[in-house]
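What follows is a single structure, written as structure tokens, with notes after it.
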Amino acid sequence: MLTVYYANLTYNEQFKIINDFYINNYGITDIDNVLSDIFYDIPFHYGYRINMRGFVYDVNNNMLVLSTLNKLGYPAVTVRKDNSNRTTTEHIHRLLALTFIPNNKGISVDKLDVNHIDGNKLNYSLNNLEWNTRKENCDHAYRTGLRKDNKYVLCTNLETNETLEFYSIGQAAKYFNIGPSSIHLAINRSKDGGIYRGYKLQYKL
């Protein structure tokens, strides 16, 4: 990705830089092919539009906005918010979700994350995005191995010797319908794990 500062550039110079950028990085032979797409107003971001491929258009300056990879590895753009001079860096996948994906969670989008279903931060195709709560997003990251800071929990039935494996304390707690702290306390009752409701609980080594 490329960051360009426009302060001392003419419009034609800006256009050439952007045109070359999208040709080199996206294989687009003519920037007009992008501009011919239908662009839609981005909610909460006055003067900006986006198409289904994730290209952001600055209406006031009549140009595409270059994207950059932020420290977390997400493609992002710098835009103004709410018709003010205050700028903010927004992830492209979130702008796409705001514009094209209905929020059926019954919760304000300010309290929701946008999840990449396949775990690929660079794949912001609309069919790969979904609105999630923060907890749902974390659970997805643990299930798919995107986050590895969790501790797997093993719960062995003392009668059948069947072992259940959970990817986090939270998931194990949900299974037993108790709080995560109760799972943690049960496991730490002894070096070999603790007993709870007929199960031996321990961390997976």
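Letters A, B, ... mark the chains of the structure tokens in the order given; residue numbers begin at 1 per chain; ligand numbers begin at 1, in order shown.
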Would you please extract all strand (DSSP E or B) residues from region 32-150 of chain A, as assigned by DSSP on the backbone, and give them as a ChimeraX atom specification?
/A:40-41,48-50,56-58,63-65,68-69,75-80,87-91,113-116,129-132
With a distance cut-off of 10 Å and only C-alpha atoms, select the neighbouring residues of Phe100 (chain A), excluding the residue or stretch itself and same-chain residues fewer than 3 positions from it, and output the selection as number ranges by chain.
A: 40, 42-43, 50-52, 94-97, 103, 126
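One distance worth recording is that between CA of Gln202 (chain A) and CA of Ser168 (chain A), which is 11.5 Å.
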Could you check how far CA of Tyr152 (chain A) sits from CA of Asn137 (chain A), in Å to one decimal?
17.5 Å
My list of candidates is A:Tyr196, A:Phe44, A:Phe55, A:Tyr203. Which is closest to Leu98 (chain A) when distances are computed with only C-alpha atoms?
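Comparing A:Tyr196, A:Phe44, A:Phe55, A:Tyr203 against Leu98 (chain A), the winner is A:Phe44.
Compared by their closest atoms to Asn177 (chain A), and using only C-alpha atoms, the residues A:Arg197, A:Leu72, A:His140, A:Glu159 rank with A:Arg197 nearest.
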Write out as a VMD selection string all residues of region 43-180 of chain A that DSSP puts in helix (DSSP H, G or I) for this structure's backbone.
chain A and resid 92 to 100 109 to 111 126 to 128 134 to 144 169 to 176 180
